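Chemist: Dumping the structure here so I can ask a few things about it.
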Amino acid sequence: NSGGIKMSTEFFLTAKNTQPWYRVAYGFYATSVGAGVIFAVPSFIVPQQYGGGWLGLFTYPFFSGFPIFLVAIMGKFIKKRFPEVLSIGSFAKWRFGNAFQTWVTLNVLLNLGIALAAEFTAIGSLFNNFLGVANWIPIMNVAVVTFAYTALGGLYISLITDQVQTLFIFLILCVMGIFVAVNFRTGELGPLPDYLGVTYTGEASFATLGVALISSTLFSDAVWQRVWSAKDDKALDIGAAVGGTLIILVSFLFGLGGFIAAWAGLVSDPNVAFLQLLKVGGGDIPYAVLLIVFMLAVTMNESAIDSFQIAIGDTLVSLFESFGLKVTIFQVRLMLAALNIPFAIIGSYNFSIVNLYLVTNIMTTCVMMPLVFGLVPALDRYYTGASALFGSFFSLFWVMVYGVLNQVYQINGGVFNGWSDISAGLYNTFYAVYDYPPFVIGLGASMVGMAIWTGGEEIYYRFIAKTERPFPSHLETPIEQIQTAVNSEVDVIPVSAVVEKEATQ
């Protein structure tokens with residue numbers, strides 16, 4: 001029992017159908033905008049060799065917020081048709097079965113885990129770079145604090161803290177904005193440098209960022225939990241509209257700060273480009289302002305981390321329960337405590353945040369369309385879990401093939417050096433280089449793979465088995481269930497019993 005609310009494992013993880021629009025909005029914002037945004041957006045825009053330039057200044061913020069609108073649209077459909085779901089993996093189970101649910105869940109865990117590790121990396125790097133504090137100290141403190149209140153009240157408490165944290169973040173942003181407006185003086189900025197203009201990376205970002213950020217959002221149960229928590233469709237619509245808009249606005253402001261600092265010639269390290277605006281007269285950042293920066297970073301960091309922590313718990317519980325294993329709230333709390341440890345350790349190694357995200361961006365891209373096509377009722381009879389799995393692995397295979405071929409022909413001039421080229425090609429594709437071909441191939445190949453398997457099944461049923469393709473029993477309507485029973489020559493289920501059973505689900 002928390003705050004007079006009866007606490008079940010489901011409510012602990014989803015606060016299902018209880019939250020007003022403003023908490024949904026704050027939740028969407030807090031989940032999508034952590035401390036990493038201070039570094040990630042400018043570091044994508046301003047690097048001289050591979051920066052996105054002014055196109056990246058618009059594409060990165062837009063595609064950070066736009067997926068929230070898509071999630072709201074999809075979420076209303078899922079909640080109406082599959083009201084039992086607790087996670088996106090749970091939807092995969094209800095639509096496709098346990099095998100595809102397990103594959104989706106593994107991708108969700110990878111996505112959430114990397115997002116959590118990236119947030120730990122961001123806060124550790126900030127304290128280490130500016131205060132000389134060992135990375136693990138702020139990481140440990142944030143992990144313990146967020147776990148403490150998240151373990152106490154679950155998603156419900158996380159949503160309340162999101163509201164308070166978001167309001168505090170906007171207060172600090174206003175103070176920083178006033179400070180920059182008063183103190184930042186560069187005179188004439190001069191002509192825009194070429195690397196801040198239209199660049200290859202900026203043009204490619206419509207595919208790289210567009211696909212990457214949409215797919216990573218769809219495979220984040222931290223986002224889907226906000227969908228399940230909305231008390232009705234109106235709360236979800238308004239919450240998504242406000243939350244998505246806030247995400248775009250704040251991401252743009254951090255990107256714009258880094259862009260202006262780079263234009264003024266103040267940036268040597270793209271990762272801290274935004275912070276260059278805070279230096280007075282070309283000197284150091286004033287201590288009072290530095291304190292505000294740290295307050296902002298810690299608050300944004302905590303608001304994202306608690307969301308990822310409870311989302312990982314939700315994802316795991318949904319998987320366990322699909323195999324008949326009941327999980328108590330106490331067991332969920334133990335899982336949350338244990339899961340913090342490996343991701344905090346990864347965060348202490350200070351990997352590149354952008355490169356960490358590339359790993360999960362590629363993986364989720366290969367699974368995105370197989371999952372999304374499950375939302376189309378007209379495909380229920382024809383599009384199965386086997387089709388979805390084959391499409392996902394078919395896509396992943398061809399992305400890997402592209403990585404190796406790109407290494408051989410674009411980098412080595414057509415000379416194949418064996419395992420070294422295979423490993424280098426996969427490393428560049430999945431970790432080192434953001435480029436559009438893997439994302440386009442991932443999307444296209446997944447749909448080709450789905451079509452191949454679905455077509456093969458159709459050929460089998462029509463010309464080999466010479467029977468009508470069966471309708472998945474877990475998706476049948478009451479009338480279809482009765483017809484299946486008749487065709488199978490078993491006792492017919494009374495219509496009233498079937499309808500009553502559906503109504504209670």
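Letters A, B, ... mark the chains of the structure tokens in the order given; residue numbers begin at 1 per chain; ligand numbers begin at 1, in order shown.
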Report as a ChimeraX atom specification all protein, DNA and RNA residues lying within 8 Å of A:Thr59, evaluated on only C-alpha atoms, omitting residues in the same chain fewer than 2 positions from it.

Modeler: /A:55-57,61-63,202,205-206,209-210

Chemist: Residues within 9 Å of A:Phe390, please, as a list in words. Count only C-alpha atoms; anything in the same chain fewer than 4 positions from it doesn't count.

Modeler: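 Here the answer would be Pro370, Gly385, Ala386, Phe394, Ser395, Ser446, Gly449, Met450, Ile452 and Trp453 of chain A.
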
Chemist: Using C-alpha atoms, can you export the residues from the last selection as an mmCIF file, in the first residue's frame?

Modeler:
```
data_model
loop_
_atom_site.group_PDB
_atom_site.id
_atom_site.type_symbol
_atom_site.label_atom_id
_atom_site.label_comp_id
_atom_site.auth_asym_id
_atom_site.auth_seq_id
_atom_site.Cartn_x
_atom_site.Cartn_y
_atom_site.Cartn_z
ATOM 1 C CA PRO A 370 7.814 -7.196 -37.996
ATOM 2 C CA GLY A 385 4.956 -15.250 -35.236
ATOM 3 C CA ALA A 386 7.150 -17.383 -37.497
ATOM 4 C CA PHE A 394 16.597 -12.088 -42.305
ATOM 5 C CA SER A 395 17.018 -8.350 -41.827
ATOM 6 C CA SER A 446 12.724 -7.216 -42.613
ATOM 7 C CA GLY A 449 11.757 -11.594 -45.074
ATOM 8 C CA MET A 450 8.223 -11.329 -43.698
ATOM 9 C CA ILE A 452 8.991 -14.608 -48.085
ATOM 10 C CA TRP A 453 7.890 -16.599 -45.041
#
```

Chemist: For stretch 118-123 of chain A, list every protein, DNA or RNA residue within 8 Å, evaluated using only C-alpha atoms, and leave out those in the same chain fewer than 5 positions away; present the list as an mmCIF file with C-alpha atoms, in the first residue's frame.

Modeler:
```
data_model
loop_
_atom_site.group_PDB
_atom_site.id
_atom_site.type_symbol
_atom_site.label_atom_id
_atom_site.label_comp_id
_atom_site.auth_asym_id
_atom_site.auth_seq_id
_atom_site.Cartn_x
_atom_site.Cartn_y
_atom_site.Cartn_z
ATOM 1 C CA GLY A 34 17.991 12.687 -19.611
ATOM 2 C CA ALA A 35 21.371 14.221 -18.873
ATOM 3 C CA GLY A 36 22.676 12.656 -22.078
ATOM 4 C CA PHE A 39 26.061 16.088 -24.694
ATOM 5 C CA ASN A 135 33.148 8.323 -12.445
ATOM 6 C CA PRO A 138 28.220 10.036 -8.899
ATOM 7 C CA ILE A 139 27.041 6.902 -10.715
ATOM 8 C CA ALA A 297 22.261 17.367 -15.072
ATOM 9 C CA VAL A 298 21.587 15.373 -11.909
ATOM 10 C CA ASN A 301 19.687 12.103 -15.066
ATOM 11 C CA ALA A 304 15.514 9.219 -16.904
ATOM 12 C CA ILE A 305 17.228 6.565 -14.794
ATOM 13 C CA PHE A 343 24.765 -1.160 -16.146
ATOM 14 C CA ALA A 344 26.428 1.098 -13.574
ATOM 15 C CA ILE A 346 29.335 -0.277 -17.966
ATOM 16 C CA GLY A 347 28.608 3.418 -17.379
ATOM 17 C CA SER A 348 31.822 3.825 -15.394
ATOM 18 C CA TYR A 349 33.899 2.816 -18.437
ATOM 19 C CA ASN A 350 32.957 6.058 -20.211
ATOM 20 C CA PHE A 351 32.011 4.636 -23.612
ATOM 21 C CA ILE A 353 27.102 7.692 -25.646
ATOM 22 C CA LEU A 356 26.355 2.939 -27.407
ATOM 23 C CA TYR A 357 22.997 3.885 -28.854
#
```

Chemist: Which residues are close to A:Asp435, i.e. within 12 Å by only C-alpha atoms, leaving aside same-chain residues fewer than 5 positions away? Reply as a list of chain:residue names.

Modeler: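 Once the nearby chain positions are removed, what remains is A:Tyr50, A:Gly51, A:Gly52, A:Tyr200, A:Thr201, A:Gly202, A:Glu203, A:Ala204, A:Ser205, A:Phe206, A:Ala207, A:Thr208, A:Leu209, A:Gly210, A:Val211, A:Ala212, A:Asn355, A:Leu358, A:Asn361, A:Ile362, A:Val399, A:Tyr402, A:Gly403, A:Asn406, A:Asn428, A:Thr429, A:Phe430, A:Val440, A:Ile441.
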
Chemist: What's the separation between atom CA of A:Leu253 and atom CA of A:Asp194, in Å to one decimal place?

Modeler: 21.4 Å

Chemist: Show me, as a PDB file with N, CA and C atoms, in the first residue's frame, the residues that have an atom within 8 Å of A:Leu192 when counting only C-alpha atoms, minus same-chain residues fewer than 4 positions from it.

Modeler:
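That gives us out.pdb:
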```
ATOM      1  N   LEU A 196      29.064  23.288 -40.460  1.00  0.00           N
ATOM      2  CA  LEU A 196      27.780  23.579 -39.822  1.00  0.00           C
ATOM      3  C   LEU A 196      26.675  23.813 -40.851  1.00  0.00           C
ATOM      4  N   GLY A 197      27.023  23.730 -42.121  1.00  0.00           N
ATOM      5  CA  GLY A 197      26.035  23.905 -43.179  1.00  0.00           C
ATOM      6  C   GLY A 197      25.380  22.581 -43.528  1.00  0.00           C
ATOM      7  N   TRP A 263      29.766  27.917 -34.019  1.00  0.00           N
ATOM      8  CA  TRP A 263      29.806  28.998 -35.006  1.00  0.00           C
ATOM      9  C   TRP A 263      30.747  30.114 -34.549  1.00  0.00           C
TER      10      TRP A 263
END
```

Chemist: In stretch 125-353 of chain A, what's helix (DSSP H, G or I) per DSSP? Answer as a PyMOL selection string?

Modeler: chain A and resi 125-131+136-183+194-196+200-218+221-229+233-263+270-272+274-278+287-322+329-348+353
